[in-house]
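Asker: Sharing data18.txt, compact mmCIF, C-alpha atoms:
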# COMPACT_ATOMS: atom_id res chain seq x y z
CA THR A 1 13.93 -151.28 291.69
CA THR A 2 15.33 -150.88 288.18
CA GLU A 3 14.52 -153.67 285.75
CA ALA A 4 17.38 -155.04 283.68
CA ILE A 5 17.38 -156.65 280.27
CA HIS A 6 20.34 -158.10 278.37
CA VAL A 7 20.79 -159.17 274.78
CA ALA A 8 23.40 -161.49 273.34
CA ILE A 9 23.74 -162.60 269.71
CA PHE A 10 25.01 -166.07 268.90
CA ARG A 11 25.91 -167.96 265.74
CA ASP A 12 26.47 -171.71 266.03
CA GLY A 13 26.70 -171.33 269.80
CA VAL A 14 29.48 -168.73 269.67
CA THR A 15 29.02 -165.08 270.54
CA MET A 16 28.98 -162.83 267.49
CA ARG A 17 31.33 -159.85 267.83
CA THR A 18 30.67 -158.31 264.43
CA ALA A 19 27.10 -157.18 265.09
CA ASP A 20 26.94 -153.58 266.38
CA LEU A 21 23.76 -152.71 268.28
CA ARG A 22 24.66 -149.13 269.15
CA GLY A 23 22.34 -147.86 266.44
CA ALA A 24 19.40 -149.50 268.20
CA SER A 25 19.71 -147.06 271.14
CA LEU A 26 18.82 -149.76 273.64
CA GLY A 27 19.31 -147.48 276.62
CA PHE A 28 15.65 -146.46 276.35
CA TRP A 29 14.54 -149.61 278.26
CA ASN A 30 14.20 -147.81 281.60
CA LEU A 31 13.10 -144.41 280.33
CA PRO A 32 10.11 -142.80 282.12
CA VAL A 33 7.88 -143.49 279.11
CA TRP A 34 7.83 -147.16 280.18
CA SER A 35 7.16 -146.51 283.86
CA SER A 36 3.57 -147.69 283.42
CA SER A 37 4.69 -150.92 281.71
CA PRO A 38 6.54 -153.00 284.32
CA ARG A 39 6.60 -156.78 284.06
CA PRO A 40 3.45 -158.06 285.81
CA SER A 41 3.73 -160.56 288.62
CA LYS A 42 2.97 -164.21 287.93
CA ASP A 43 -0.39 -164.04 289.69
CA THR A 44 -1.69 -161.18 287.51
CA PRO A 45 -4.85 -162.37 285.70
CA ALA A 46 -4.28 -163.33 282.08
CA GLU A 47 -6.92 -160.87 280.87
CA ASP A 48 -5.28 -157.91 282.63
CA ASP A 49 -4.09 -155.14 280.26
CA ALA A 50 -0.76 -155.11 282.12
CA TRP A 51 0.35 -158.04 279.96
CA LYS A 52 -0.36 -156.06 276.78
CA ARG A 53 1.60 -153.05 278.06
CA TRP A 54 4.55 -155.26 278.97
CA ALA A 55 4.40 -156.99 275.58
CA GLU A 56 4.42 -153.62 273.83
CA ARG A 57 7.56 -152.65 275.73
CA VAL A 58 9.35 -155.90 274.85
CA GLN A 59 8.17 -155.69 271.24
CA HIS A 60 9.53 -152.16 270.86
CA TYR A 61 12.90 -153.30 272.23
CA LEU A 62 13.10 -156.34 269.94
CA GLU A 63 12.01 -154.34 266.89
CA ARG A 64 14.94 -151.97 267.40
CA ILE A 65 17.33 -154.92 267.60
CA ASP A 66 15.74 -156.59 264.58
CA ALA A 67 15.99 -153.49 262.37
CA THR A 68 19.61 -152.79 263.37
CA ILE A 69 20.75 -156.36 262.69
CA LEU A 70 19.00 -156.48 259.31
CA GLU A 71 20.60 -153.15 258.31
CA GLN A 72 24.01 -154.75 258.87
CA GLY A 73 23.23 -157.60 256.49
CA PHE A 74 22.61 -160.33 259.07
CA LEU A 75 19.57 -162.62 259.21
CA VAL A 76 18.00 -163.75 262.47
CA ASP A 77 16.90 -167.39 262.83
CA GLU A 78 15.01 -166.96 266.09
CA TYR A 79 14.58 -164.76 269.13
CA MET A 80 14.76 -166.78 272.33
CA ILE A 81 13.48 -165.38 275.59
CA ALA A 82 15.32 -166.65 278.63
CA GLY A 83 15.73 -165.88 282.30
CA SER A 84 12.86 -164.91 284.59
CA ALA A 85 10.76 -163.63 281.66
CA THR A 86 10.12 -167.23 280.61
CA GLU A 87 7.96 -167.82 283.69
CA THR A 88 5.16 -165.74 282.16
CA PHE A 89 6.05 -166.08 278.47
CA LYS A 90 2.67 -167.49 277.41
CA LEU A 91 0.80 -164.65 279.09
CA TRP A 92 2.52 -161.78 277.26
CA ALA A 93 4.13 -163.17 274.08
CA LYS A 94 0.73 -163.79 272.48
CA HIS A 95 0.23 -160.03 272.31
CA ILE A 96 3.26 -159.56 270.01
CA PRO A 97 2.20 -160.07 266.36
CA LYS A 98 4.21 -162.62 264.42
CA SER A 99 4.72 -160.00 261.71
CA ALA A 100 6.49 -157.65 264.15
CA LEU A 101 9.84 -159.43 263.87
CA SER A 102 11.79 -161.07 261.07
CA ALA A 103 12.12 -164.35 263.02
CA PRO A 104 10.00 -166.40 265.44
CA LEU A 105 9.82 -165.45 269.11
CA LEU A 106 10.47 -168.58 271.18
CA GLU A 107 10.30 -169.54 274.83
CA GLY A 108 13.67 -170.58 276.20
CA PRO A 109 14.40 -172.89 279.14
CA SER A 110 13.31 -172.02 282.65
CA PRO A 111 15.69 -169.94 284.80
CA ARG A 112 16.89 -172.97 286.75
CA TYR A 113 18.92 -174.17 283.74
CA GLU A 114 22.21 -172.29 283.88
CA GLY A 115 24.97 -171.96 281.34
CA LEU A 116 22.82 -172.12 278.20
CA ARG A 117 24.55 -170.17 275.45
CA GLY A 118 22.28 -167.57 274.00
CA THR A 119 20.21 -166.88 277.10
CA GLY A 120 19.72 -163.48 278.64
CA ILE A 121 22.58 -164.11 281.05
CA GLY A 122 24.91 -163.89 278.08
CA GLY A 123 24.64 -160.11 278.13
CA GLY A 124 25.84 -159.90 281.72
CA PHE A 125 28.59 -162.44 281.01
CA GLN A 126 29.94 -160.33 278.16
CA TYR A 127 30.43 -157.31 280.39
CA ARG A 128 32.24 -159.44 282.99
CA TYR A 129 34.33 -161.21 280.34
CA ARG A 130 35.28 -157.95 278.62
CA ASP A 131 36.51 -156.46 281.89
CA ASP A 132 38.62 -159.53 282.70
CA VAL A 133 40.14 -159.62 279.22
CA ALA A 134 41.13 -156.00 279.87
CA LEU A 135 43.03 -157.30 282.91
CA VAL A 136 44.91 -159.74 280.65
CA ARG A 137 45.68 -156.89 278.24
CA SER A 138 46.95 -154.73 281.09
CA ALA A 139 49.04 -157.55 282.58
CA ILE A 140 50.78 -158.19 279.25
CA GLY A 141 51.57 -154.50 278.88
CA GLU A 142 52.87 -154.36 282.45
CA ALA A 143 55.05 -157.45 281.92
CA LEU A 144 56.61 -155.83 278.85
CA GLY A 145 56.91 -152.36 280.38
CA GLU A 146 54.63 -150.56 277.92
CA ALA A 147 51.07 -149.36 277.61
CA PRO A 148 49.32 -152.22 275.77
CA GLN A 149 48.76 -150.22 272.56
CA LEU A 150 52.49 -149.41 272.39
CA VAL A 151 53.88 -152.93 272.89
CA PRO A 152 56.28 -153.75 269.99
CA ILE A 153 55.37 -156.90 268.09
CA ASP A 154 58.84 -158.42 268.62
CA GLU A 155 58.42 -158.13 272.41
CA LEU A 156 54.96 -159.68 272.15
CA ARG A 157 56.54 -162.52 270.19
CA GLY A 158 59.17 -162.97 272.88
CA LEU A 159 56.49 -163.31 275.57
CA PHE A 160 54.64 -165.84 273.41
CA ASP A 161 57.78 -167.92 272.75
CA ARG A 162 58.57 -168.20 276.46
CA PHE A 163 55.48 -170.34 276.94
CA CYS A 164 55.92 -172.55 273.89
CA ASP A 165 57.55 -175.94 274.36
CA GLU A 166 61.20 -176.03 273.33
CA GLY A 167 61.53 -176.21 269.57
CA GLU A 168 57.84 -175.41 268.99
CA SER A 169 56.54 -172.31 267.22
CA ASP A 170 53.01 -172.63 268.59
CA MET A 171 51.47 -173.67 271.88
CA GLY A 172 48.70 -175.91 273.07
CA LEU A 173 45.63 -174.49 274.76
CA GLU A 174 46.93 -175.53 278.18
CA GLU A 175 50.12 -173.55 277.60
CA PHE A 176 48.09 -170.51 276.61
CA VAL A 177 46.03 -170.74 279.80
CA ARG A 178 49.29 -171.08 281.73
CA LEU A 179 50.55 -167.89 280.07
CA VAL A 180 47.45 -166.01 281.23
CA ARG A 181 47.75 -167.32 284.78
CA ALA A 182 51.47 -166.60 284.93
CA LEU A 183 50.58 -162.96 284.35
CA GLY A 184 48.63 -163.01 287.60
CA VAL A 185 45.16 -163.00 286.03
CA ARG A 186 42.58 -165.41 287.43
CA MET A 187 39.52 -165.97 285.26
CA PRO A 188 36.52 -168.23 285.96
CA ASP A 189 36.24 -171.41 283.91
CA ASP A 190 33.48 -170.02 281.68
CA GLU A 191 35.65 -167.02 280.78
CA ILE A 192 38.68 -169.24 280.15
CA ARG A 193 36.63 -171.29 277.67
CA GLU A 194 35.51 -168.10 275.90
CA LEU A 195 39.07 -166.77 275.84
CA VAL A 196 40.42 -169.99 274.33
CA SER A 197 37.65 -169.90 271.72
CA ASP A 198 38.59 -166.33 270.80
CA VAL A 199 42.30 -167.03 270.44
CA ASP A 200 42.11 -170.44 268.73
CA SER A 201 40.46 -168.97 265.63
CA MET A 202 41.33 -172.01 263.48
CA CYS A 203 39.83 -174.42 266.05
CA LEU A 204 42.90 -176.70 265.90
CA ASP A 205 43.50 -176.83 269.68
CA ARG A 206 46.81 -175.05 269.04
CA VAL A 207 47.60 -171.34 269.16
CA THR A 208 49.98 -169.92 266.58
CA PHE A 209 51.65 -166.56 267.03
CA ASP A 210 49.62 -165.19 264.12
CA GLU A 211 46.42 -166.12 265.99
CA PHE A 212 47.81 -164.66 269.21
CA GLN A 213 48.80 -161.43 267.48
CA GLN A 214 45.40 -161.11 265.79
CA TRP A 215 43.69 -161.62 269.14
CA TRP A 216 46.01 -159.05 270.72
CA LEU A 217 45.23 -156.43 268.09
CA THR A 218 41.53 -156.98 268.77
CA VAL A 219 42.00 -156.77 272.54
CA ILE A 220 44.00 -153.52 272.56
CA GLY A 221 41.20 -151.90 270.60
CA GLN A 222 41.12 -149.50 267.73
CA ALA A 223 41.68 -145.78 268.03
CA ALA A 224 38.91 -144.15 270.09
CA GLU A 225 37.61 -147.50 271.33
CA VAL A 226 34.26 -147.68 273.08
CA LEU A 227 34.33 -148.66 276.76
CA HIS A 228 31.23 -150.35 278.17
CA THR A 229 31.72 -150.18 281.94
CA GLU A 230 33.19 -147.87 284.57
CA ASP A 231 35.64 -150.64 285.52
CA ALA A 232 36.93 -150.73 281.94
CA PHE A 233 37.52 -146.98 282.06
CA ASP A 234 39.39 -147.24 285.36
CA GLN A 235 41.49 -150.02 283.84
CA VAL A 236 42.54 -147.67 281.03
CA LEU A 237 43.55 -145.01 283.56
CA ARG A 238 45.66 -147.56 285.43
CA GLU A 239 47.33 -148.76 282.24
CA GLU A 240 48.36 -145.22 281.32
CA SER A 241 49.22 -143.98 284.82
CA THR A 242 52.96 -144.66 284.54
CA GLY A 243 53.50 -143.67 280.91
CA ASN A 244 53.80 -140.38 279.10
CA ARG A 245 50.47 -140.47 277.29
CA VAL A 246 47.37 -138.57 278.32
CA VAL A 247 43.95 -140.23 278.28
CA ILE A 248 41.24 -138.39 276.38
CA LEU A 249 37.68 -139.44 277.16
CA MET A 250 34.74 -138.48 274.96
CA VAL A 251 31.38 -138.89 276.69
CA GLY A 252 28.28 -138.95 274.51
CA PHE A 253 24.82 -140.43 274.16
CA THR A 254 23.72 -142.97 271.58
CA THR A 255 21.14 -140.43 270.37
CA CYS A 256 23.51 -137.41 270.34
CA LYS A 257 23.72 -136.05 266.76
CA PRO A 258 26.62 -133.65 267.49
CA CYS A 259 28.56 -136.62 268.94
CA LYS A 260 28.08 -138.58 265.72
CA LYS A 261 29.10 -135.56 263.65
CA PHE A 262 32.35 -135.11 265.61
CA LEU A 263 33.23 -138.81 265.76
CA PRO A 264 35.09 -139.12 262.40
CA PHE A 265 37.42 -136.28 263.41
CA PHE A 266 37.96 -137.79 266.88
CA GLU A 267 38.75 -141.25 265.48
CA LYS A 268 41.22 -139.88 262.92
CA TRP A 269 42.90 -137.67 265.51
CA ALA A 270 43.20 -140.65 267.87
CA ALA A 271 44.81 -142.80 265.17
CA ASP A 272 47.25 -140.06 264.15
CA ASN A 273 48.33 -139.25 267.71
CA GLU A 274 48.45 -142.60 269.52
CA ARG A 275 52.02 -142.00 270.68
CA VAL A 276 50.97 -139.05 272.85
CA ALA A 277 47.34 -139.79 273.71
CA ARG A 278 45.00 -142.71 274.25
CA CYS A 279 41.49 -141.82 273.18
CA VAL A 280 38.42 -143.68 274.46
CA ARG A 281 34.66 -143.18 274.33
CA VAL A 282 31.73 -143.91 276.61
CA TYR A 283 28.02 -143.81 275.81
CA ALA A 284 26.52 -142.40 278.99
CA ASN A 285 23.13 -144.06 278.47
CA GLU A 286 24.40 -147.55 277.55
CA ASN A 287 23.93 -149.21 280.95
CA GLY A 288 23.84 -148.57 284.68
CA SER A 289 27.62 -148.54 284.96
CA THR A 290 28.12 -145.89 282.28
CA VAL A 291 25.24 -143.85 283.72
CA HIS A 292 27.02 -143.81 287.09
CA LEU A 293 30.33 -142.83 285.50
CA ALA A 294 28.87 -139.98 283.46
CA ARG A 295 26.15 -138.62 285.72
CA ASP A 296 27.46 -139.26 289.24
CA ARG A 297 31.23 -139.29 288.88
CA LEU A 298 31.97 -136.95 285.99
CA LYS A 299 28.84 -134.77 286.45
CA ILE A 300 28.06 -134.62 282.73
CA ARG A 301 25.55 -131.90 281.81
CA SER A 302 25.74 -131.95 278.01
CA THR A 303 27.36 -134.00 275.27
CA PRO A 304 29.82 -134.46 273.83
CA THR A 305 32.01 -133.64 276.81
CA PHE A 306 35.75 -134.26 276.72
CA PHE A 307 38.07 -134.98 279.64
CA ILE A 308 41.86 -135.17 279.56
CA PHE A 309 43.59 -137.21 282.28
CA LYS A 310 47.22 -137.33 283.35
CA ASP A 311 49.04 -139.54 285.85
CA GLY A 312 46.03 -141.80 286.31
CA ASP A 313 42.80 -140.10 287.31
CA ARG A 314 43.98 -136.46 287.49
CA ILE A 315 41.75 -134.32 285.26
CA VAL A 316 43.77 -131.54 283.61
CA HIS A 317 41.21 -130.32 281.10
CA THR A 318 37.53 -130.57 280.21
CA HIS A 319 35.27 -128.92 277.65
CA THR A 320 32.05 -129.51 275.74
CA GLY A 321 31.07 -129.05 272.11
CA ILE A 322 32.29 -130.15 268.69
CA SER A 323 34.68 -127.36 267.73
CA GLU A 324 37.78 -129.01 266.28
CA GLU A 325 39.87 -125.93 267.08
CA LYS A 326 38.67 -125.93 270.69
CA PHE A 327 39.53 -129.62 271.00
CA ALA A 328 43.00 -129.08 269.54
CA ASP A 329 43.75 -126.15 271.86
CA GLY A 330 42.67 -128.12 274.94
CA VAL A 331 44.87 -131.07 273.98
CA ASP A 332 47.85 -128.86 273.07
CA GLU A 333 47.75 -127.15 276.45
CA ALA A 334 47.45 -130.50 278.27
CA LEU A 335 50.50 -131.75 276.34
CA GLY A 336 52.48 -128.60 277.07
CA LEU A 337 52.60 -127.49 273.45
CA ILE A 338 51.11 -124.07 274.21
CA PRO A 339 51.52 -121.95 277.38
CA GLU A 340 49.35 -122.78 280.38
CA GLY A 341 46.31 -120.53 280.46
CA SER A 342 46.15 -120.12 276.67
CA TYR A 343 42.98 -122.18 276.40
CA ALA A 344 41.11 -120.20 279.07
CA GLU A 345 42.24 -116.89 277.59
CA LYS A 346 40.90 -117.88 274.17
CA TRP A 347 37.77 -119.86 274.95
CA GLN A 348 36.43 -118.92 278.36
CA ALA A 349 34.25 -115.83 278.51
CA PRO A 350 35.59 -113.10 280.80
CA THR A 351 33.70 -112.45 284.01
CA SER A 352 32.64 -109.01 285.03
CA THR A 353 31.79 -107.52 288.39
CA ILE A 354 29.41 -104.73 289.23
CA GLY A 355 30.75 -102.38 291.84
For the file at hand, write its structure as structure tokens.
Answerer:
Amino acid sequence: TTEAIHVAIFRDGVTMRTADLRGASLGFWNLPVWSSSPRPSKDTPAEDDAWKRWAERVQHYLERIDATILEQGFLVDEYMIAGSATETFKLWAKHIPKSALSAPLLEGPSPRYEGLRGTGIGGGFQYRYRDDVALVRSAIGEALGEAPQLVPIDELRGLFDRFCDEGESDMGLEEFVRLVRALGVRMPDDEIRELVSDVDSMCLDRVTFDEFQQWWLTVIGQAAEVLHTEDAFDQVLREESTGNRVVILMVGFTTCKPCKKFLPFFEKWAADNERVARCVRVYANENGSTVHLARDRLKIRSTPTFFIFKDGDRIVHTHTGISEEKFADGVDEALGLIPEGSYAEKWQAPTSTIG
């Protein structure tokens, strides 16, 4: 079976959303190089070298996180191990030098204590929460008859005002939850609490339209937003299935240098052309879900690879490489700006037969 590890970063008990761990390339956790370093069973003797090998694997993972966080100007107070790894913490943690990390490595509560903020389960929660917030985003767009990124602010204000008490310009937290549920979205209690925390940025137990709008702008994402699960990608296709925009997907790897080189162009193009195209990105090696999307569903062989979708999940174009001209020609043909077949005539090598 494949081992899983999650990381979540918290400040004062609230998830930090400003720390970007993509530079840590955390997808290496299950690479073949670590196949000889699985987590030993609880009955493995303390003197067995298996504990050292496991500790080396964990240390390497934490060092990548540590370096990436420090580069972004944050300081770490402590690293807390939680989940099933706590059962054997004393057997392996002693093999990680205190000097390896910028903060102490601590043993968290045993796995039977659920709901602790900052435990390993937080990583899994964030994926689930992100996908459900995408449902809220989609429901608001559907209610207003637009793709979420194209919803006019005055229509967003109108939706907000409908759930405020008469004569009020803001709403209580209960009214905000009612707004979400009226859109047909059902979220578990833990996600509702996180959602309220995100929207009520002033912590006044009231939601102003300015707070709601700021949350909305965060939820709809920036140009060329990164998607973290296959479900999130499918949600984007559904949101755009009835509109006139195409969806352009860029698939890369966290370690792909050509992907990083092309990214500034892709982000600028996405921002300049948001009326005709919605651009998104996926890192194929980020987690099991993105691996399945890239390897099994899209059959990725090299990166970056670009896909253009119309009418939902219909693929109308695909190509690889970082040629800006090639990208532009593929998009122009998909949008009907150049004759059909122009791209193939220009970029695909002719085939020859031997008779």
Asker: When you count only C-alpha atoms, which of these residues is closest to Arg186 of chain A: A:Val136, A:Ile153, A:Ala344, A:Ala147?
Answerer: A:Val136
Asker: Report the closest atom pair, with its distance in Å rounded to one decimal, for each residue of segment 45-156 of chain A that has an atom no farther than 9 Å from segment 204-225 of chain A; count all atoms listed in the file, sort by chain and then rising residue number, and write it as a Markdown table.
Answerer:
| residue | atom | partner | partner_atom | distance |
| --- | --- | --- | --- | --- |
| A:Val133 | CA | A:Val219 | CA | 7.5 |
| A:Ala134 | CA | A:Val219 | CA | 7.4 |
| A:Arg137 | CA | A:Val219 | CA | 6.8 |
| A:Pro148 | CA | A:Ile220 | CA | 6.3 |
| A:Gln149 | CA | A:Ile220 | CA | 5.8 |
| A:Ile153 | CA | A:Gln213 | CA | 8.0 |
| A:Leu156 | CA | A:Gln213 | CA | 7.9 |
Asker: Which residues are close to Leu135 of chain A, i.e. within 10 Å by all atoms listed in the file, leaving aside same-chain residues fewer than 2 positions away? Reply as a compact mmCIF listing (two decimals) with C-alpha atoms, in the coordinates of the input.
Answerer:
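selection-v7.txt, written as the output of this step:
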# COMPACT_ATOMS: atom_id res chain seq x y z
CA TYR A 129 34.33 -161.21 280.34
CA ARG A 130 35.28 -157.95 278.62
CA ASP A 131 36.51 -156.46 281.89
CA ASP A 132 38.62 -159.53 282.70
CA VAL A 133 40.14 -159.62 279.22
CA ARG A 137 45.68 -156.89 278.24
CA SER A 138 46.95 -154.73 281.09
CA ALA A 139 49.04 -157.55 282.58
CA ILE A 140 50.78 -158.19 279.25
CA GLY A 141 51.57 -154.50 278.88
CA VAL A 180 47.45 -166.01 281.23
CA LEU A 183 50.58 -162.96 284.35
CA GLY A 184 48.63 -163.01 287.60
CA VAL A 185 45.16 -163.00 286.03
CA ARG A 186 42.58 -165.41 287.43
CA MET A 187 39.52 -165.97 285.26
CA ALA A 232 36.93 -150.73 281.94
CA GLN A 235 41.49 -150.02 283.84
CA VAL A 236 42.54 -147.67 281.03
CA GLU A 239 47.33 -148.76 282.24
Asker: For each of A:Gly312, A:Gly73, A:Gly83, A:Pro304, take the minimum atom-to-atom distance to Glu240 of chain A, counting all atoms listed in the file, then give the residue where this is smallest.
Answerer: A:Gly312
Asker: Rounded to one decimal in Å, what is the spacing between atom CA of Arg297 of chain A and atom CA of Leu263 of chain A?
Answerer: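 Those two atoms sit 23.2 Å apart.
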Asker: When you count only C-alpha atoms, which of these residues is closest to Phe233 of chain A: A:Phe163, A:Phe309, A:Trp29, A:Trp92?
Answerer: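 Of A:Phe163, A:Phe309, A:Trp29, A:Trp92, the one nearest Phe233 of chain A is A:Phe309, counting only C-alpha atoms.
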Asker: For atom CA of Ile308 of chain A and atom CA of Met250 of chain A, determine how far apart the two atoms are, in Å to one decimal place.
Answerer: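 About the pair atom CA of Ile308 of chain A and atom CA of Met250 of chain A: they are 9.1 Å apart.
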Asker: Atom CA of Cys203 of chain A to atom CA of Met171 of chain A: how many Å, to one decimal?
Answerer: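 Pair atom CA of Cys203 of chain A / atom CA of Met171 of chain A returns 13.0 Å.
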Asker: Please determine the residues with any atom at most 10 Å from (7.3, -162.9, 278.4) (coordinates as given in the file, with all atoms listed in the file counting) and report them as a PyMOL selection string.
Answerer: chain A and resi 39-40+51+54-55+58+81-96+105-107
Asker: Segment 243-292 of chain A near segment 321-330 of chain A within 10 Å: what's each residue's closest atom pair and its distance in Å to one decimal, counting all atoms listed in the file, ordered by chain then ascending residue number, as CSV?
Answerer:
residue,atom,partner,partner_atom,distance
A:Pro258,CA,A:Ile322,CA,6.8
A:Cys259,CA,A:Ile322,CA,7.5
A:Lys260,CA,A:Ile322,CA,9.9
A:Lys261,CA,A:Ile322,CA,8.1
A:Phe262,CA,A:Ile322,CA,5.8
A:Leu263,CA,A:Ile322,CA,9.2
A:Phe265,CA,A:Glu324,CA,7.8
A:Phe266,CA,A:Glu324,CA,8.8
A:Trp269,CA,A:Ala328,CA,9.5
Asker: Looking at all atoms listed in the file, which of A:Glu47, A:Glu230, A:Glu175, A:Glu274 is the one that sits closest to Thr290 of chain A?
Answerer: A:Glu230
Asker: With all atoms listed in the file as the basis for distance, which of A:Arg162, A:Lys42, A:Arg64, A:His317 is at the shortest distance from Leu179 of chain A?
Answerer: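 That would be A:Arg162, the residue with the smallest distance to Leu179 of chain A.
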Asker: Return the single residue from A:Ser102, A:Ser201, A:Arg275, A:Glu333 that is closest to Leu150 of chain A, with distances computed using all atoms listed in the file.
Answerer: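 Closest to Leu150 of chain A, using all atoms listed in the file: A:Arg275.
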